[in-house]
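Participant: Just target_12.tsv, nothing more (TSV, C-alpha atoms):
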chain	number	residue	atom	x	y	z
A	1	MET	CA	13.17	76.77	36.65
A	2	PHE	CA	11.15	75.78	33.69
A	3	LEU	CA	12.33	73.92	30.59
A	4	THR	CA	10.89	75.19	27.33
A	5	LEU	CA	10.72	72.79	24.41
A	6	SER	CA	10.77	74.09	20.90
A	7	PRO	CA	7.81	72.87	18.83
A	8	THR	CA	10.11	72.29	15.90
A	9	ARG	CA	11.87	69.52	17.81
A	10	LEU	CA	8.59	67.60	18.20
A	11	CYS	CA	7.68	67.71	14.58
A	12	VAL	CA	7.40	64.31	12.79
A	13	LYS	CA	7.68	64.32	9.04
A	14	PRO	CA	4.49	62.83	7.61
A	15	SER	CA	6.26	61.64	4.47
A	16	LEU	CA	8.07	58.92	6.43
A	17	PRO	CA	6.24	55.85	7.78
A	18	TYR	CA	5.82	55.45	11.52
A	19	ALA	CA	7.71	52.16	11.46
A	20	HIS	CA	10.83	54.02	10.43
A	21	PHE	CA	10.88	55.63	13.85
A	22	SER	CA	9.76	52.60	15.89
A	23	PRO	CA	12.51	51.41	18.25
A	24	LEU	CA	10.84	47.92	18.34
A	25	LEU	CA	11.60	47.04	14.72
A	26	PRO	CA	15.11	46.13	13.47
A	27	PRO	CA	16.75	48.12	10.71
A	28	MET	CA	16.23	46.92	7.14
A	29	CYS	CA	19.82	45.70	6.86
A	30	ILE	CA	19.22	43.27	9.73
A	31	LEU	CA	16.00	42.06	8.12
A	32	ARG	CA	17.87	41.42	4.88
A	33	ARG	CA	20.46	39.38	6.78
A	34	LEU	CA	17.73	37.41	8.54
A	35	ASN	CA	15.99	36.65	5.25
A	36	LEU	CA	19.29	35.53	3.74
A	37	CYS	CA	19.93	33.22	6.71
A	38	GLN	CA	16.45	31.75	6.44
A	39	LEU	CA	16.97	31.11	2.72
A	40	ARG	CA	20.28	29.39	3.40
A	41	LEU	CA	18.67	27.29	6.13
A	42	LEU	CA	15.84	26.27	3.79
A	43	ARG	CA	18.34	25.28	1.10
A	44	TYR	CA	20.32	23.28	3.65
A	45	ARG	CA	17.22	21.44	4.82
A	46	ARG	CA	16.27	20.59	1.25
A	47	PHE	CA	19.78	19.35	0.54
A	48	SER	CA	19.77	17.31	3.75
A	49	THR	CA	16.43	15.73	2.86
A	50	VAL	CA	17.61	14.78	-0.63
A	51	SER	CA	20.89	13.48	0.76
A	52	ALA	CA	19.12	11.41	3.41
A	53	ALA	CA	16.81	9.93	0.78
A	54	ALA	CA	19.80	9.06	-1.37
A	55	VAL	CA	21.48	7.37	1.58
A	56	ARG	CA	18.35	5.35	2.30
A	57	GLN	CA	18.16	4.28	-1.32
A	58	ASP	CA	21.80	3.33	-1.34
A	59	THR	CA	21.36	1.11	1.74
A	60	THR	CA	18.89	-1.18	-0.05
A	61	VAL	CA	20.30	-4.69	-0.13
A	62	TRP	CA	19.66	-6.39	-3.45
A	63	THR	CA	19.66	-10.16	-3.84
A	64	GLN	CA	20.04	-11.77	-7.25
A	65	ALA	CA	17.85	-14.76	-7.99
A	66	SER	CA	16.65	-16.64	-11.06
A	67	LEU	CA	13.14	-17.15	-12.33
A	68	SER	CA	11.83	-20.68	-12.01
A	69	GLU	CA	8.49	-20.02	-13.69
A	70	VAL	CA	6.81	-17.33	-15.80
A	71	GLU	CA	3.35	-18.44	-16.95
A	72	PRO	CA	0.06	-16.73	-17.85
A	73	ALA	CA	-2.33	-16.70	-14.90
A	74	ALA	CA	-5.18	-14.81	-16.58
A	75	GLU	CA	-5.58	-12.18	-19.27
A	76	SER	CA	-2.75	-9.61	-18.69
A	77	LEU	CA	-1.74	-11.41	-15.48
A	78	PHE	CA	1.29	-13.65	-15.04
A	79	HIS	CA	2.32	-16.14	-12.42
A	80	VAL	CA	5.99	-15.55	-11.57
A	81	SER	CA	8.00	-17.79	-9.27
A	82	ILE	CA	11.53	-16.92	-8.14
A	83	ASP	CA	14.03	-19.45	-6.83
A	84	LEU	CA	15.52	-18.31	-3.52
A	85	SER	CA	17.23	-21.52	-2.49
A	86	ASP	CA	20.52	-19.60	-2.27
A	87	ALA	CA	19.01	-16.77	-0.22
A	88	PRO	CA	17.83	-18.27	3.09
A	89	ASP	CA	17.94	-14.91	4.91
A	90	LEU	CA	15.55	-13.37	2.39
A	91	VAL	CA	13.24	-16.38	2.65
A	92	ALA	CA	13.23	-16.16	6.45
A	93	SER	CA	12.29	-12.49	6.35
A	94	HIS	CA	8.87	-13.33	4.91
A	95	THR	CA	6.90	-13.89	8.10
A	96	CYS	CA	3.41	-12.56	7.42
A	97	ALA	CA	0.85	-12.63	4.62
A	98	GLY	CA	0.53	-9.25	2.95
A	99	GLN	CA	4.21	-8.35	2.94
A	100	TYR	CA	5.88	-7.07	-0.23
A	101	LEU	CA	9.26	-6.18	-1.68
A	102	GLN	CA	10.92	-4.28	-4.49
A	103	LEU	CA	11.99	-6.11	-7.62
A	104	ARG	CA	14.08	-4.90	-10.52
A	105	VAL	CA	15.40	-6.27	-13.74
A	106	PRO	CA	19.21	-5.96	-14.23
A	107	ASP	CA	20.28	-2.96	-16.32
A	108	VAL	CA	16.97	-1.25	-15.47
A	109	SER	CA	17.48	1.08	-12.53
A	110	LYS	CA	13.85	1.68	-11.55
A	111	PRO	CA	12.36	-1.06	-9.33
A	112	SER	CA	8.67	-1.77	-8.67
A	113	PHE	CA	6.81	-3.02	-5.60
A	114	PHE	CA	5.18	-6.45	-5.68
A	115	ALA	CA	3.15	-8.23	-3.02
A	116	ILE	CA	4.24	-11.79	-2.27
A	117	ALA	CA	1.48	-14.17	-3.34
A	118	SER	CA	2.76	-17.35	-1.71
A	119	PRO	CA	2.37	-17.94	2.03
A	120	PRO	CA	5.44	-17.81	4.30
A	121	SER	CA	5.29	-21.59	4.73
A	122	PHE	CA	5.72	-22.01	0.98
A	123	ALA	CA	8.96	-20.04	1.05
A	124	ALA	CA	10.21	-22.01	4.02
A	125	GLU	CA	9.43	-25.38	2.40
A	126	ARG	CA	10.38	-24.70	-1.21
A	127	GLY	CA	12.77	-21.76	-1.02
A	128	ALA	CA	10.77	-19.61	-3.44
A	129	PHE	CA	8.48	-16.60	-3.67
A	130	ASP	CA	5.42	-16.52	-5.93
A	131	PHE	CA	4.02	-13.32	-7.42
A	132	LEU	CA	0.95	-12.40	-9.45
A	133	VAL	CA	2.11	-9.70	-11.85
A	134	LYS	CA	-0.04	-7.48	-14.02
A	135	SER	CA	1.73	-6.57	-17.24
A	136	VAL	CA	1.51	-2.80	-17.66
A	137	SER	CA	3.00	-1.24	-20.78
A	138	GLY	CA	6.30	0.52	-20.16
A	139	SER	CA	6.70	-0.74	-16.60
A	140	THR	CA	9.08	-3.05	-14.75
A	141	ALA	CA	6.15	-5.47	-14.56
A	142	GLU	CA	6.00	-5.70	-18.35
A	143	LEU	CA	9.73	-6.45	-18.50
A	144	LEU	CA	9.36	-9.07	-15.79
A	145	CYS	CA	6.49	-10.80	-17.58
A	146	GLY	CA	8.60	-10.93	-20.75
A	147	LEU	CA	11.46	-12.85	-19.10
A	148	LYS	CA	11.99	-16.60	-19.23
A	149	LYS	CA	12.86	-19.35	-16.81
A	150	GLY	CA	16.48	-18.99	-15.72
A	151	ASP	CA	16.65	-15.21	-16.22
A	152	VAL	CA	18.02	-13.27	-13.26
A	153	VAL	CA	16.25	-10.51	-11.35
A	154	GLU	CA	17.09	-8.60	-8.16
A	155	LEU	CA	14.97	-8.44	-5.03
A	156	SER	CA	15.09	-6.09	-2.05
A	157	GLN	CA	14.45	-7.05	1.55
A	158	VAL	CA	10.89	-8.03	2.46
A	159	MET	CA	8.93	-4.98	3.63
A	160	GLY	CA	5.78	-4.14	5.56
A	161	ARG	CA	3.97	-5.65	8.52
A	162	GLY	CA	1.45	-7.47	6.34
A	163	PHE	CA	-2.11	-8.18	7.47
A	164	GLN	CA	-2.19	-7.95	11.26
A	165	ILE	CA	-4.52	-10.86	11.78
A	166	ASP	CA	-3.92	-10.81	15.55
A	167	ARG	CA	-6.25	-7.79	15.63
A	168	ILE	CA	-9.18	-10.06	14.69
A	169	GLU	CA	-8.32	-12.93	16.98
A	170	PRO	CA	-9.49	-15.14	18.63
A	171	PRO	CA	-11.76	-16.67	15.98
A	172	GLU	CA	-14.45	-17.40	18.57
A	173	VAL	CA	-14.84	-13.64	19.15
A	174	TYR	CA	-14.40	-12.48	15.53
A	175	SER	CA	-16.44	-15.18	13.88
A	176	THR	CA	-17.10	-13.18	10.70
A	177	VAL	CA	-14.26	-12.13	8.41
A	178	LEU	CA	-15.06	-10.27	5.18
A	179	ILE	CA	-12.30	-10.17	2.55
A	180	PHE	CA	-12.32	-7.81	-0.44
A	181	ALA	CA	-9.96	-7.83	-3.41
A	182	THR	CA	-9.90	-6.51	-6.96
A	183	GLY	CA	-7.75	-7.47	-9.95
A	184	SER	CA	-4.15	-8.40	-9.22
A	185	ALA	CA	-4.62	-7.39	-5.58
A	186	ILE	CA	-5.82	-10.93	-5.02
A	187	SER	CA	-2.10	-11.75	-4.79
A	188	PRO	CA	-1.57	-11.04	-1.05
A	189	ILE	CA	-5.06	-12.40	-0.33
A	190	ARG	CA	-3.92	-15.76	-1.68
A	191	SER	CA	-1.02	-15.59	0.78
A	192	LEU	CA	-3.46	-14.84	3.59
A	193	ILE	CA	-5.91	-17.63	2.80
A	194	GLU	CA	-3.21	-20.24	2.27
A	195	SER	CA	-1.37	-19.13	5.40
A	196	GLY	CA	-4.44	-20.09	7.39
A	197	PHE	CA	-6.09	-17.82	9.95
A	198	ASN	CA	-8.36	-20.30	11.71
A	199	THR	CA	-11.06	-20.11	9.04
A	200	SER	CA	-12.44	-23.49	10.12
A	201	LYS	CA	-13.14	-22.00	13.56
A	202	ARG	CA	-15.04	-19.02	12.17
A	203	SER	CA	-18.68	-19.29	11.16
A	204	ASP	CA	-18.62	-16.81	8.26
A	205	VAL	CA	-15.58	-16.08	6.07
A	206	ARG	CA	-16.34	-14.51	2.68
A	207	LEU	CA	-14.11	-13.35	-0.17
A	208	TYR	CA	-15.56	-10.76	-2.56
A	209	TYR	CA	-13.23	-10.88	-5.54
A	210	GLY	CA	-13.78	-8.39	-8.36
A	211	ALA	CA	-12.51	-8.56	-11.94
A	212	ARG	CA	-13.64	-7.28	-15.33
A	213	ASN	CA	-14.60	-10.76	-16.53
A	214	LEU	CA	-13.69	-14.40	-15.95
A	215	LYS	CA	-10.77	-14.19	-18.36
A	216	ARG	CA	-9.17	-11.62	-16.04
A	217	MET	CA	-9.85	-13.49	-12.82
A	218	ALA	CA	-6.75	-15.26	-11.51
A	219	TYR	CA	-6.55	-18.27	-9.20
A	220	GLN	CA	-9.84	-19.83	-10.28
A	221	ASP	CA	-8.08	-23.19	-10.07
A	222	ARG	CA	-7.58	-22.55	-6.33
A	223	PHE	CA	-11.17	-21.67	-5.48
A	224	LYS	CA	-12.18	-25.21	-4.50
A	225	HIS	CA	-9.19	-25.51	-2.21
A	226	TRP	CA	-9.96	-22.16	-0.60
A	227	GLU	CA	-13.59	-23.10	-0.09
A	228	SER	CA	-12.59	-26.41	1.47
A	229	SER	CA	-10.60	-24.43	4.04
A	230	GLY	CA	-13.72	-22.50	5.04
A	231	VAL	CA	-13.75	-19.46	2.72
A	232	LYS	CA	-16.85	-18.72	0.66
A	233	ILE	CA	-15.85	-17.26	-2.73
A	234	VAL	CA	-18.08	-14.53	-4.20
A	235	PRO	CA	-16.79	-13.63	-7.71
A	236	VAL	CA	-17.97	-10.22	-8.90
A	237	LEU	CA	-17.63	-9.26	-12.58
A	238	SER	CA	-17.89	-5.63	-13.69
A	239	GLN	CA	-18.27	-6.48	-17.41
A	240	PRO	CA	-19.58	-10.05	-17.63
A	241	ASP	CA	-20.86	-11.74	-20.75
A	242	ASP	CA	-24.49	-12.80	-21.20
A	243	SER	CA	-23.89	-16.26	-19.76
A	244	TRP	CA	-22.83	-14.94	-16.34
A	245	THR	CA	-25.39	-15.57	-13.58
A	246	GLY	CA	-23.35	-14.51	-10.55
A	247	GLU	CA	-22.76	-11.12	-8.94
A	248	SER	CA	-22.06	-8.25	-11.31
A	249	GLY	CA	-21.01	-4.62	-10.95
A	250	PHE	CA	-18.54	-3.42	-8.35
A	251	VAL	CA	-17.43	-5.37	-5.30
A	252	GLN	CA	-18.81	-2.79	-2.85
A	253	ALA	CA	-22.23	-2.88	-4.52
A	254	ALA	CA	-22.32	-6.69	-4.45
A	255	PHE	CA	-21.48	-6.65	-0.76
A	256	THR	CA	-24.16	-4.06	-0.02
A	257	ARG	CA	-26.78	-6.28	-1.63
A	258	GLU	CA	-26.06	-9.16	0.72
A	259	LYS	CA	-24.42	-7.71	3.84
A	260	ARG	CA	-25.82	-10.16	6.42
A	261	ILE	CA	-24.02	-8.58	9.37
A	262	SER	CA	-25.91	-9.58	12.51
A	263	SER	CA	-23.27	-8.60	15.06
A	264	PRO	CA	-20.84	-5.81	13.99
A	265	GLN	CA	-18.74	-6.35	17.11
A	266	SER	CA	-17.82	-9.83	15.88
A	267	VAL	CA	-16.75	-8.70	12.39
A	268	GLY	CA	-13.23	-8.29	11.01
A	269	ALA	CA	-12.36	-7.30	7.44
A	270	VAL	CA	-9.39	-7.49	5.08
A	271	LEU	CA	-9.15	-5.09	2.12
A	272	CYS	CA	-6.78	-5.01	-0.83
A	273	GLY	CA	-7.30	-3.35	-4.19
A	274	GLN	CA	-8.47	-0.13	-5.81
A	275	ASN	CA	-8.61	2.93	-3.57
A	276	GLN	CA	-12.24	3.63	-4.41
A	277	MET	CA	-13.24	0.12	-3.43
A	278	THR	CA	-11.32	0.11	-0.14
A	279	GLU	CA	-12.60	3.57	0.82
A	280	GLU	CA	-16.23	2.78	0.04
A	281	VAL	CA	-16.17	-0.62	1.73
A	282	THR	CA	-14.55	0.93	4.80
A	283	THR	CA	-17.30	3.57	4.93
A	284	ILE	CA	-20.01	0.92	4.62
A	285	LEU	CA	-18.54	-1.27	7.35
A	286	VAL	CA	-17.92	1.58	9.80
A	287	SER	CA	-21.42	2.98	9.27
A	288	ASP	CA	-22.78	-0.48	10.10
A	289	GLY	CA	-20.88	-0.50	13.40
A	290	VAL	CA	-17.70	-2.39	12.50
A	291	SER	CA	-14.68	-1.00	14.33
A	292	SER	CA	-12.14	0.67	12.02
A	293	GLU	CA	-9.43	-1.05	14.08
A	294	LYS	CA	-10.72	-4.39	12.79
A	295	ILE	CA	-10.45	-3.40	9.11
A	296	LEU	CA	-7.04	-4.64	7.95
A	297	LYS	CA	-4.88	-3.49	5.06
A	298	ASN	CA	-1.31	-4.44	4.16
A	299	PHE	CA	0.09	-0.91	3.85
Mind turning this structure into structure tokens?
Facilitator:
Amino acid sequence: MFLTLSPTRLCVKPSLPYAHFSPLLPPMCILRRLNLCQLRLLRYRRFSTVSAAAVRQDTTVWTQASLSEVEPAAESLFHVSIDLSDAPDLVASHTCAGQYLQLRVPDVSKPSFFAIASPPSFAAERGAFDFLVKSVSGSTAELLCGLKKGDVVELSQVMGRGFQIDRIEPPEVYSTVLIFATGSAISPIRSLIESGFNTSKRSDVRLYYGARNLKRMAYQDRFKHWESSGVKIVPVLSQPDDSWTGESGFVQAAFTREKRISSPQSVGAVLCGQNQMTEEVTTILVSDGVSSEKILKNF
């Protein structure tokens, strides 16, 4: 017995796409439901992310403290000292040069990040944090620089791991340490130098410090003390006057002119400042054979 199939039953209408007949694809109503579910999931994830960020912000612990000093440190730079004698826990949390915190002025909701300029030992001995603050128009920094002794500010917990100096220890192995800083980024470098990292046991420790001119170069009164501890200071001015006889231009160019790296394996570096400077110095050092693991930053 033979089964005869009518050709009309095998006819496929060309006006309809093949996918319409494919048993492997779900109907359009299911696709619409899937798309709606995905949209809801995306909205939920966005809401969860925003909510989590809000929770993290809300968990910030703020400590009120008064200013003990607000004085000019250089053109557009101010030395700010904050009395923390009533906040021993906050003082104790500063354990490493290069750490930072958030600071805000009361009645101004937006805080700003500031690196701690004083070494941890200073906080432990005197119960205070020092900062080098650049006054920028319209910023929290400008408000801070306009305050007076006795005015109250609020500080967050100390943050960051700081400069991980243990990565360039012992000094007998890493005998050369090259330090680079520009502008107000000399602030955490001061903390590093005055914290001490066995500079007397290293044969070559250099600080390349860049500023527009001498009027904008902070901590010049500390240079002799730093040099007595074993750090050679190399000031670099990008716009010096005619009387300047030292290094000029950018920090990375000044370093390139006098590299003097005899053994890259014995070199460590510390960088803090403008992104262009840190990126270019890193490229120079790595191309000369310095390990990227030995190039330290505080963020």
Participant: For the atom pair CA of Glu293 in chain A and CA of Thr176 in chain A, what is the interatomic distance in Å to one decimal place?
Facilitator: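 Going from CA of Glu293 in chain A over to CA of Thr176 in chain A, I get 14.7 Å.
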Participant: Residues within 9 Å of (4.5, -1.0, -8.3), file coordinates, counting all atoms listed in the file: what are they? Give the list as a PyMOL selection string.
Facilitator: chain A and resi 102+111-114+139-141
Participant: Expressed in Å to a single decimal, how great is the separation between CA of Arg260 in chain A and CA of Tyr174 in chain A?
Facilitator: 14.8 Å
Participant: For each of A:Leu90, A:Val177, A:Ala74, A:Val251, take the minimum atom-to-atom distance to Leu214 in chain A, counting all atoms listed in the file, then give the residue where this is smallest.
Facilitator: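 So, comparing all the options, the nearest one is A:Ala74.
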Participant: Which residue out of A:Phe163, A:Phe250, A:Phe129, A:Trp62 has the minimum interatomic distance to Ala97 in chain A when only C-alpha atoms are used?
Facilitator: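 That would be A:Phe163, the residue with the smallest distance to Ala97 in chain A.
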Participant: List every residue of range 219-273 of chain A that has an atom at most 8 Å from any atom of range 283-292 of chain A, giving for each one its closest atom pair and the distance in Å to one decimal, counting all atoms listed in the file, sorted by chain and then by ascending residue number, as a tab-separated table.
Facilitator:
residue	atom	partner	partner_atom	distance
A:Thr256	CA	A:Ile284	CA	8.0
A:Pro264	CA	A:Val290	CA	4.9
A:Gln265	CA	A:Val290	CA	6.2
A:Val267	CA	A:Val290	CA	6.4
A:Gly268	CA	A:Val290	CA	7.6
Participant: Excluding Tyr219 in chain A and residues on its chain fewer than 2 positions from it, collect all residues at most 10 Å away from it, counting only C-alpha atoms, and give them as a PyMOL selection string.
Facilitator: chain A and resi 73-74+79+132+186-187+190+216-217+221-223
Participant: Calculate how many Å separate CA of Glu154 in chain A from CA of Asn298 in chain A, rounding to one decimal.
Facilitator: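 For CA of Glu154 in chain A relative to CA of Asn298 in chain A, the distance reads 22.5 Å.
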Participant: Check the smallest atom-to-atom distance from each of A:Ser238, A:His225, A:Gly150, A:Gly210 to Leu271 in chain A using all atoms listed in the file, then report the winner.
Facilitator: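 Of the candidates, the smallest distance to Leu271 in chain A is held by A:Gly210.
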Participant: Residues at most 8 Å from Gln64 in chain A, counting all atoms listed in the file, excluding those fewer than 4 positions away in the same chain, as a ChimeraX atom specification?
Facilitator: /A:152-155
Participant: Is it possible to get the residues within 7 Å of (-17.6, -12.1, -5.7) (coordinates as in the file, counting only C-alpha atoms) written as a PyMOL selection string?
Facilitator: chain A and resi 207-210+233-236+247+251
Participant: Put the listed atoms of range 228-242 of chain A in a box along x, y and z with 5 Å added on every side and give me the centre and edge lengths in Å to one decimal, as JSON.
Facilitator:
{"center_x": -17.5, "center_y": -16.0, "center_z": -8.1, "size_x": 23.9, "size_y": 30.8, "size_z": 36.2}
Participant: Ranking A:Asp166, A:Glu75, A:Glu194, A:Glu142 by minimum distance to Pro120 in chain A and counting all atoms listed in the file, which one comes first?
Facilitator: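 Of all the options, A:Glu194 lies closest to Pro120 in chain A.
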